[in-house]
file my_file_12.txt (compact mmCIF, C-alpha atoms)
# COMPACT_ATOMS: atom_id res chain seq x y z
CA MET A 1 51.60 34.78 54.41
CA GLN A 2 53.19 37.79 52.77
CA ALA A 3 53.85 40.78 55.02
CA THR A 4 51.66 43.80 54.44
CA VAL A 5 53.58 46.94 53.49
CA LEU A 6 51.87 49.81 55.21
CA THR A 7 52.38 53.45 55.93
CA ILE A 8 50.67 55.35 58.72
CA ASP A 9 50.15 59.07 58.26
CA VAL A 10 47.96 61.88 59.53
CA ASP A 11 44.97 61.98 57.21
CA ASP A 12 41.64 63.69 56.60
CA PRO A 13 38.67 61.81 58.08
CA LEU A 14 36.47 63.41 55.42
CA ARG A 15 38.50 61.94 52.54
CA PRO A 16 36.04 59.79 50.51
CA ASP A 17 37.54 56.34 51.19
CA VAL A 18 38.08 57.18 54.87
CA LEU A 19 34.58 58.60 55.18
CA ALA A 20 33.13 55.37 53.78
CA LEU A 21 35.06 53.28 56.35
CA LEU A 22 34.06 55.56 59.22
CA GLU A 23 30.41 55.42 58.15
CA GLN A 24 30.68 51.60 58.14
CA HIS A 25 32.24 51.81 61.61
CA LEU A 26 29.34 53.91 62.92
CA ALA A 27 26.78 51.59 61.30
CA ASP A 28 28.41 48.58 62.98
CA MET A 29 28.48 50.35 66.35
CA PHE A 30 24.74 51.11 66.14
CA ALA A 31 24.05 47.54 64.98
CA THR A 32 25.85 46.02 67.99
CA SER A 33 25.12 48.45 70.83
CA PRO A 34 22.12 50.42 72.08
CA PRO A 35 22.22 54.04 70.81
CA GLU A 36 23.00 55.43 74.27
CA SER A 37 26.05 53.14 74.43
CA VAL A 38 27.58 54.18 71.08
CA HIS A 39 30.47 56.55 71.73
CA ALA A 40 32.14 56.54 68.31
CA LEU A 41 32.85 60.02 66.97
CA ASP A 42 31.23 61.05 63.73
CA PRO A 43 33.72 61.91 60.96
CA ALA A 44 33.27 65.69 61.37
CA ALA A 45 34.18 65.44 65.08
CA LEU A 46 37.45 63.76 64.07
CA THR A 47 38.52 67.03 62.40
CA ASP A 48 38.59 68.82 65.78
CA PRO A 49 42.04 70.34 66.50
CA ALA A 50 42.20 68.32 69.75
CA VAL A 51 42.08 65.10 67.67
CA THR A 52 44.90 63.61 65.63
CA PHE A 53 43.62 61.19 63.02
CA TRP A 54 45.77 58.64 61.18
CA THR A 55 45.20 56.12 58.44
CA ALA A 56 47.16 53.03 57.51
CA ARG A 57 47.52 52.40 53.78
CA ASP A 58 49.18 49.67 51.78
CA GLY A 59 51.93 50.25 49.20
CA ASP A 60 49.32 51.03 46.55
CA GLY A 61 47.58 53.60 48.76
CA ALA A 62 44.57 51.45 49.59
CA LEU A 63 43.05 52.23 52.98
CA LEU A 64 43.67 49.51 55.60
CA GLY A 65 42.57 51.15 58.83
CA THR A 66 42.18 54.20 61.05
CA VAL A 67 42.96 55.40 64.56
CA ALA A 68 42.68 58.71 66.38
CA LEU A 69 43.89 60.27 69.62
CA ALA A 70 41.71 62.87 71.31
CA THR A 71 43.45 65.02 73.90
CA LEU A 72 41.92 64.93 77.38
CA ASP A 73 42.69 66.96 80.50
CA GLY A 74 45.34 65.77 82.94
CA GLY A 75 47.99 64.59 80.48
CA ALA A 76 45.88 61.87 78.90
CA ALA A 77 44.39 61.07 75.52
CA GLU A 78 41.52 58.89 74.41
CA LEU A 79 41.92 56.35 71.64
CA LYS A 80 39.10 56.74 69.12
CA SER A 81 38.02 55.32 65.76
CA MET A 82 40.18 52.18 65.75
CA ARG A 83 38.97 50.39 62.65
CA THR A 84 40.51 47.96 60.17
CA VAL A 85 38.96 47.20 56.80
CA PRO A 86 37.51 43.67 56.79
CA ALA A 87 40.00 42.41 54.16
CA ALA A 88 42.96 43.47 56.35
CA ARG A 89 41.80 41.97 59.65
CA GLY A 90 44.16 39.49 61.23
CA ARG A 91 47.16 40.92 59.34
CA GLY A 92 48.58 43.13 62.11
CA VAL A 93 47.13 46.42 60.85
CA GLY A 94 45.26 47.12 64.10
CA ALA A 95 48.36 46.36 66.17
CA ALA A 96 50.46 48.66 63.96
CA LEU A 97 47.92 51.48 64.30
CA LEU A 98 47.73 51.00 68.06
CA ASP A 99 51.53 50.98 68.36
CA HIS A 100 51.68 54.16 66.28
CA ALA A 101 49.13 55.96 68.45
CA LEU A 102 50.85 54.85 71.67
CA THR A 103 54.26 55.89 70.35
CA GLU A 104 52.90 59.31 69.42
CA ALA A 105 51.21 59.71 72.80
CA THR A 106 54.50 58.83 74.51
CA ARG A 107 56.39 61.26 72.27
CA ARG A 108 53.94 63.99 73.32
CA GLY A 109 54.72 63.27 76.98
CA LEU A 110 51.25 62.04 77.82
CA ALA A 111 50.83 60.04 81.01
CA SER A 112 48.16 57.66 79.75
CA VAL A 113 45.86 56.60 76.93
CA LEU A 114 42.29 55.61 77.75
CA LEU A 115 39.54 54.05 75.68
CA GLU A 116 35.99 52.80 75.74
CA THR A 117 34.95 49.73 73.81
CA GLY A 118 31.99 47.39 73.80
CA THR A 119 31.37 44.36 75.98
CA GLN A 120 29.64 42.36 73.25
CA ASP A 121 31.32 39.44 71.45
CA TYR A 122 31.72 41.69 68.39
CA PHE A 123 34.40 43.63 70.32
CA ALA A 124 36.28 40.58 71.71
CA ALA A 125 39.19 40.82 69.25
CA ALA A 126 39.64 44.51 70.02
CA ARG A 127 39.63 43.86 73.76
CA ARG A 128 42.27 41.13 73.30
CA LEU A 129 44.45 43.52 71.26
CA TYR A 130 44.19 46.25 73.90
CA ARG A 131 44.96 43.87 76.76
CA ARG A 132 48.01 42.45 74.93
CA ALA A 133 49.19 46.05 74.57
CA GLY A 134 49.07 46.56 78.33
CA PHE A 135 45.65 48.18 78.76
CA VAL A 136 43.83 47.39 82.00
CA GLU A 137 40.28 48.06 83.10
CA CYS A 138 39.62 51.40 84.72
CA PRO A 139 36.62 53.46 85.86
CA PRO A 140 34.69 55.60 83.39
CA PHE A 141 36.53 58.79 82.44
CA ALA A 142 35.89 62.11 80.67
CA GLY A 143 32.14 62.18 81.16
CA TYR A 144 31.46 58.51 80.49
CA VAL A 145 29.22 56.68 82.97
CA LEU A 146 29.02 53.05 84.01
CA ASP A 147 27.29 51.11 81.25
CA PRO A 148 26.86 47.33 80.93
CA HIS A 149 27.64 47.69 77.22
CA SER A 150 30.98 49.46 77.78
CA VAL A 151 34.35 48.53 79.19
CA PHE A 152 36.87 51.27 80.00
CA LEU A 153 40.58 50.63 79.59
CA ARG A 154 43.73 52.57 80.42
CA ARG A 155 47.40 52.24 79.62
CA ASP A 156 49.98 54.08 81.69
CA LEU A 157 52.65 55.32 79.29
CA ARG A 158 55.25 56.09 81.92
CA SER A 159 55.71 52.46 82.92
CA THR A 160 58.59 50.80 81.06
CA ASP A 161 57.44 47.23 81.59
CA LEU A 162 54.24 47.25 79.53
CA PRO A 163 54.17 45.33 76.25
CA ALA A 164 53.66 46.76 72.80
CA ALA A 165 50.63 45.69 70.78
CA THR A 166 51.04 42.44 68.91
CA PRO A 167 48.78 40.97 66.27

call {"tool": "encode", "arguments": {"input": "my_file_12.txt", "output": "structure tokens"}}
result
Amino acid sequence: MQATVLTIDVDDPLRPDVLALLEQHLADMFATSPPESVHALDPAALTDPAVTFWTARDGDGALLGTVALATLDGGAAELKSMRTVPAARGRGVGAALLDHALTEATRRGLASVLLETGTQDYFAAARRLYRRAGFVECPPFAGYVLDPHSVFLRRDLRSTDLPAATP
């Protein structure tokens, strides 16, 4: 398999191709989880100054995926809007985006990155990616509550023995 050339840059979540992917993301979240268990941000919320939003694109500029970091209190950030286009799944794009977000969080001096994802089979690949990257289960954070449709994960960035994300 040929390696995918990709660049990861800060981007505009309201850019037309990005907006289409984020709308697909939201549609999938509502199709797989009860409405009260969908915690994906809408595209406008991703423009908040407390959120940094990146896209991965191939050498021709085609959108491959997205990720965002939302700043939380206490030296932490929440990973949001991790999404890979269907044609790029299984090619390491998600791992590259996760590595990028974790590297940036570390560069910013954050203590940890947290996330919420679903418990359904649909989210199994994402949970495997996060666990390979050193995320462990944690209690709900930042206003989340216990929910049988959610799992909460945390990665301590100050530990030197945690692995990077791998595809």

call {"tool": "residues_around", "arguments": {"input": "my_file_12.txt", "residues": "segment 149-154 of chain A", "least_positions_apart": "4", "cutoff": "7 Å", "atoms": "only C-alpha atoms", "output": "JSON list (two decimals) with C-alpha atoms, in the coordinates of the input"}}
result
[["chain", "number", "residue", "atom", "x", "y", "z"],
["A", 33, "SER", "CA", 25.12, 48.45, 70.83],
["A", 37, "SER", "CA", 26.05, 53.14, 74.43],
["A", 112, "SER", "CA", 48.16, 57.66, 79.75],
["A", 113, "VAL", "CA", 45.86, 56.60, 76.93],
["A", 114, "LEU", "CA", 42.29, 55.61, 77.75],
["A", 115, "LEU", "CA", 39.54, 54.05, 75.68],
["A", 116, "GLU", "CA", 35.99, 52.80, 75.74],
["A", 117, "THR", "CA", 34.95, 49.73, 73.81],
["A", 118, "GLY", "CA", 31.99, 47.39, 73.80],
["A", 119, "THR", "CA", 31.37, 44.36, 75.98],
["A", 120, "GLN", "CA", 29.64, 42.36, 73.25],
["A", 135, "PHE", "CA", 45.65, 48.18, 78.76],
["A", 136, "VAL", "CA", 43.83, 47.39, 82.00],
["A", 137, "GLU", "CA", 40.28, 48.06, 83.10],
["A", 138, "CYS", "CA", 39.62, 51.40, 84.72],
["A", 139, "PRO", "CA", 36.62, 53.46, 85.86],
["A", 140, "PRO", "CA", 34.69, 55.60, 83.39]]

call {"tool": "closest_residue", "arguments": {"input": "my_file_12.txt", "among": "A:Asp17, A:Glu78, A:Asp48, A:Glu23", "to": "Ala62 of chain A", "atoms": "all atoms listed in the file"}}
result
A:Asp17

call {"tool": "atom_distance", "arguments": {"input": "my_file_12.txt", "atom1": "atom CA of Asp121 of chain A", "atom2": "atom CA of Ala27 of chain A"}}
result
16.5 Å

call {"tool": "residues_around", "arguments": {"input": "my_file_12.txt", "residues": "segment 38-46 of chain A", "least_positions_apart": "5", "cutoff": "10 Å", "atoms": "all atoms listed in the file", "output": "compact mmCIF listing (two decimals) with C-alpha atoms, keeping the file's coordinate frame"}}
result
# COMPACT_ATOMS: atom_id res chain seq x y z
CA ASP A 12 41.64 63.69 56.60
CA PRO A 13 38.67 61.81 58.08
CA LEU A 14 36.47 63.41 55.42
CA ARG A 15 38.50 61.94 52.54
CA VAL A 18 38.08 57.18 54.87
CA LEU A 19 34.58 58.60 55.18
CA ALA A 20 33.13 55.37 53.78
CA LEU A 21 35.06 53.28 56.35
CA LEU A 22 34.06 55.56 59.22
CA GLU A 23 30.41 55.42 58.15
CA HIS A 25 32.24 51.81 61.61
CA LEU A 26 29.34 53.91 62.92
CA ASP A 28 28.41 48.58 62.98
CA MET A 29 28.48 50.35 66.35
CA PHE A 30 24.74 51.11 66.14
CA ALA A 31 24.05 47.54 64.98
CA THR A 32 25.85 46.02 67.99
CA SER A 33 25.12 48.45 70.83
CA VAL A 51 42.08 65.10 67.67
CA THR A 52 44.90 63.61 65.63
CA PHE A 53 43.62 61.19 63.02
CA ALA A 68 42.68 58.71 66.38
CA LEU A 69 43.89 60.27 69.62
CA ALA A 70 41.71 62.87 71.31
CA LYS A 80 39.10 56.74 69.12
CA SER A 81 38.02 55.32 65.76
CA MET A 82 40.18 52.18 65.75
CA GLU A 116 35.99 52.80 75.74
CA THR A 117 34.95 49.73 73.81
CA GLY A 118 31.99 47.39 73.80
CA TYR A 144 31.46 58.51 80.49
CA HIS A 149 27.64 47.69 77.22
CA SER A 150 30.98 49.46 77.78

call {"tool": "atom_distance", "arguments": {"input": "my_file_12.txt", "atom1": "atom CA of Leu157 of chain A", "atom2": "atom CA of Gly109 of chain A"}}
result
8.5 Å

call {"tool": "atom_distance", "arguments": {"input": "my_file_12.txt", "atom1": "atom CA of Asp99 of chain A", "atom2": "atom CA of Asp60 of chain A"}}
result
21.9 Å

call {"tool": "decode", "arguments": {"input": "my_file_12.txt", "residues": "segment 124-149 of chain A", "atoms": "N, CA and C atoms", "output": "mmCIF file, in the first residue's frame"}}
result
data_model
loop_
_atom_site.group_PDB
_atom_site.id
_atom_site.type_symbol
_atom_site.label_atom_id
_atom_site.label_comp_id
_atom_site.auth_asym_id
_atom_site.auth_seq_id
_atom_site.Cartn_x
_atom_site.Cartn_y
_atom_site.Cartn_z
ATOM 1 N N ALA A 124 -15.921 1.307 18.153
ATOM 2 C CA ALA A 124 -14.881 0.371 18.602
ATOM 3 C C ALA A 124 -13.500 0.728 18.045
ATOM 4 N N ALA A 125 -13.417 1.062 16.775
ATOM 5 C CA ALA A 125 -12.110 1.405 16.186
ATOM 6 C C ALA A 125 -11.526 2.648 16.849
ATOM 7 N N ALA A 126 -12.361 3.623 17.137
ATOM 8 C CA ALA A 126 -11.878 4.836 17.806
ATOM 9 C C ALA A 126 -11.370 4.507 19.205
ATOM 10 N N ARG A 127 -12.125 3.697 19.938
ATOM 11 C CA ARG A 127 -11.672 3.324 21.283
ATOM 12 C C ARG A 127 -10.337 2.589 21.236
ATOM 13 N N ARG A 128 -10.163 1.698 20.249
ATOM 14 C CA ARG A 128 -8.872 0.994 20.111
ATOM 15 C C ARG A 128 -7.746 1.985 19.833
ATOM 16 N N LEU A 129 -7.973 2.944 18.951
ATOM 17 C CA LEU A 129 -6.960 3.958 18.640
ATOM 18 C C LEU A 129 -6.581 4.734 19.898
ATOM 19 N N TYR A 130 -7.570 5.180 20.650
ATOM 20 C CA TYR A 130 -7.285 5.962 21.855
ATOM 21 C C TYR A 130 -6.530 5.130 22.887
ATOM 22 N N ARG A 131 -6.918 3.888 23.060
ATOM 23 C CA ARG A 131 -6.227 3.052 24.051
ATOM 24 C C ARG A 131 -4.789 2.766 23.623
ATOM 25 N N ARG A 132 -4.560 2.538 22.326
ATOM 26 C CA ARG A 132 -3.176 2.335 21.845
ATOM 27 C C ARG A 132 -2.328 3.579 22.074
ATOM 28 N N ALA A 133 -2.977 4.742 22.103
ATOM 29 C CA ALA A 133 -2.264 6.007 22.314
ATOM 30 C C ALA A 133 -2.097 6.328 23.791
ATOM 31 N N GLY A 134 -2.483 5.409 24.678
ATOM 32 C CA GLY A 134 -2.250 5.610 26.097
ATOM 33 C C GLY A 134 -3.413 6.198 26.873
ATOM 34 N N PHE A 135 -4.571 6.330 26.264
ATOM 35 C CA PHE A 135 -5.747 6.812 26.990
ATOM 36 C C PHE A 135 -6.281 5.692 27.878
ATOM 37 N N VAL A 136 -6.753 6.082 29.054
ATOM 38 C CA VAL A 136 -7.356 5.146 29.997
ATOM 39 C C VAL A 136 -8.709 5.707 30.437
ATOM 40 N N GLU A 137 -9.578 4.804 30.881
ATOM 41 C CA GLU A 137 -10.897 5.258 31.325
ATOM 42 C C GLU A 137 -10.762 6.160 32.541
ATOM 43 N N CYS A 138 -11.681 7.122 32.608
ATOM 44 C CA CYS A 138 -11.712 8.064 33.716
ATOM 45 C C CYS A 138 -13.168 8.427 33.997
ATOM 46 N N PRO A 139 -13.414 9.119 35.100
ATOM 47 C CA PRO A 139 -14.783 9.552 35.391
ATOM 48 C C PRO A 139 -15.208 10.662 34.420
ATOM 49 N N PRO A 140 -16.507 10.932 34.364
ATOM 50 C CA PRO A 140 -16.971 12.064 33.553
ATOM 51 C C PRO A 140 -16.264 13.354 33.994
ATOM 52 N N PHE A 141 -16.111 14.265 33.087
ATOM 53 C CA PHE A 141 -15.402 15.517 33.335
ATOM 54 C C PHE A 141 -16.184 16.664 32.693
ATOM 55 N N ALA A 142 -15.848 17.876 33.062
ATOM 56 C CA ALA A 142 -16.350 19.098 32.421
ATOM 57 C C ALA A 142 -17.860 19.104 32.162
ATOM 58 N N GLY A 143 -18.621 18.704 33.157
ATOM 59 C CA GLY A 143 -20.074 18.760 33.017
ATOM 60 C C GLY A 143 -20.731 17.525 32.438
ATOM 61 N N TYR A 144 -19.943 16.572 31.967
ATOM 62 C CA TYR A 144 -20.519 15.305 31.516
ATOM 63 C C TYR A 144 -21.063 14.557 32.736
ATOM 64 N N VAL A 145 -21.984 13.636 32.495
ATOM 65 C CA VAL A 145 -22.517 12.777 33.552
ATOM 66 C C VAL A 145 -22.398 11.329 33.102
ATOM 67 N N LEU A 146 -22.444 10.415 34.060
ATOM 68 C CA LEU A 146 -22.415 8.996 33.708
ATOM 69 C C LEU A 146 -23.535 8.703 32.715
ATOM 70 N N ASP A 147 -23.194 7.914 31.700
ATOM 71 C CA ASP A 147 -24.131 7.632 30.619
ATOM 72 C C ASP A 147 -23.739 6.271 30.045
ATOM 73 N N PRO A 148 -24.664 5.328 29.951
ATOM 74 C CA PRO A 148 -24.311 4.014 29.420
ATOM 75 C C PRO A 148 -23.881 4.049 27.952
ATOM 76 N N HIS A 149 -24.107 5.162 27.282
ATOM 77 C CA HIS A 149 -23.728 5.294 25.877
ATOM 78 C C HIS A 149 -22.398 6.017 25.701
#
